[in-house]
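First comes the structure, then the notes that go with it.
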Amino acid sequence: MLTSRRLLFVTGKGGVGKTTIATALARHAARSGKRTLLVEMDAKGAVANALGVDELGFEPREVEPSLHAMAMTTEDSLREYIRLFVRNPLVSTMGPLAKILDFVANAAPGVKEILAIGKVCWEVRERHYDLVVVDAEATGHIVAQIEAPTILSGLVQVGVIREQSVWMRDILHDVEQTGVVVVATPEEMPVAETVELLDRLHTSTKVNVAAVIANRVPPVVFRDADVPVVDALVAAAQANTALGQLGAPLALVTIARERRARAERHLYSLASAAQRDGVDFVVMAEKDHDIVESLSRDLAVELS
């Protein structure tokens, strides 16, 4: 089961609703009795908007029963990393860390990413929460983010960074604990990026893909048995000017049917890619109001 893991990274092409899915997953887990932390990686305020709460900070706070949320910032994550792992007692008296961060980040690839990953993995290791859900980077950046500990552990052979990188890497590579959830809409570009990402995750990393979620799937307009009747009405409206008033509504029906047909073709591609890699495939219907709440209820059904 998806939420039986302890760490989930939710990613997807920009605009596919990954933040909404991450928030709905976290809410579902919390309502299932799990103490849950929802982490926004880019601190743009999208998670706070999805939850309908005030701006989130680096310090986790309870926003709903059993659901805590925070927003990652690079300076705060560096300060936390120094406090937790370097154990510098003077960290609270240090000035702005932006210059230090730039210097460290230029010293080796993966350093900047590991600061955020370090905070997430720390929460998992210390078992402060039953589940940590990360509203992660988009598809083009997620591999670099989750592979940072592996890259650093290969570059640095001794010292604190090596030690920390190894246990973070072990958490990320543990298929029982950690998984990536890839979100896509049934459209050409999101599906193409998702298939490419699944290939990269499978061939370039040891991080498990927990699920592919097709989001905003348009509804089936008519049952198969009704299609001939609708086709006959469309043909009659086109041939008979007396039925002209039916033209506009029937045109909308035609557009909806074509949209669903295109979505089904893309869903087939997504499902095939997921099946090839042995990954769970979940379909979420299009919503027009109270999206997070509706998706949370749907996920409870899909994941039961």
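Ligands are numbered from 1 in the order shown, residues from 1 within each chain, and chains are lettered A, B, ... in the order they appear in the structure tokens.
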Please identify all polymer residues within 9 Å of range 171-185 of chain A, counting only C-alpha atoms, omitting same-chain residues fewer than 3 positions from it, and present them as number ranges by chain. A: 2, 4-13, 15-18, 21-22, 121, 124-125, 139, 146-147, 149, 166-168, 188-191, 193-194, 197-198, 205-217, 263, 266-267, 270
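Backbone DSSP of range 24-93 of chain A yields strand (DSSP E or B) at Thr36, Leu37, Leu38, Val39, Glu40, Arg61, Glu62, Val63, Glu64, Leu67, His68, Ala69, Met70 and Ala71 of chain A.
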Selection from above, C-alpha atoms, as an mmCIF file, in the first residue's frame, can you write it?
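Output file selection11.cif follows:
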data_model
loop_
_atom_site.group_PDB
_atom_site.id
_atom_site.type_symbol
_atom_site.label_atom_id
_atom_site.label_comp_id
_atom_site.auth_asym_id
_atom_site.auth_seq_id
_atom_site.Cartn_x
_atom_site.Cartn_y
_atom_site.Cartn_z
ATOM 1 C CA THR A 36 2.182 12.893 8.863
ATOM 2 C CA LEU A 37 4.580 15.621 7.763
ATOM 3 C CA LEU A 38 3.989 17.411 4.441
ATOM 4 C CA VAL A 39 7.125 19.170 3.117
ATOM 5 C CA GLU A 40 7.109 21.817 0.394
ATOM 6 C CA ARG A 61 3.389 23.058 12.505
ATOM 7 C CA GLU A 62 0.172 21.117 12.902
ATOM 8 C CA VAL A 63 -2.351 22.364 10.341
ATOM 9 C CA GLU A 64 -4.950 19.611 10.824
ATOM 10 C CA LEU A 67 -1.069 16.569 9.779
ATOM 11 C CA HIS A 68 1.996 18.800 10.071
ATOM 12 C CA ALA A 69 3.432 20.971 7.293
ATOM 13 C CA MET A 70 6.581 22.964 6.593
ATOM 14 C CA ALA A 71 8.296 24.833 3.752
#
Between CA of Glu264 in chain A and CA of Pro218 in chain A, what distance in Å does the model show, to one decimal? 9.2 Å
Please, which residues of range 4-161 of chain A, numbered as in this document, come out alpha helix (DSSP H) from DSSP, as number ranges by chain? A: 18-31, 46-51, 74-81, 98-107, 111-125, 142-155, 160-161
Shortest contact to Ala46 in chain A, candidates A:Ala136, A:Gly278, A:Leu115, A:Trp122, atoms counted only C-alpha atoms, goes to A:Ala136
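Going from CA of Ile255 in chain A over to CA of His289 in chain A, you cover 21.7 Å.
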Separation of CA of Ile151 in chain A and CA of Ala192 in chain A, in Å?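 About the pair CA of Ile151 in chain A and CA of Ala192 in chain A: they are 26.6 Å apart.
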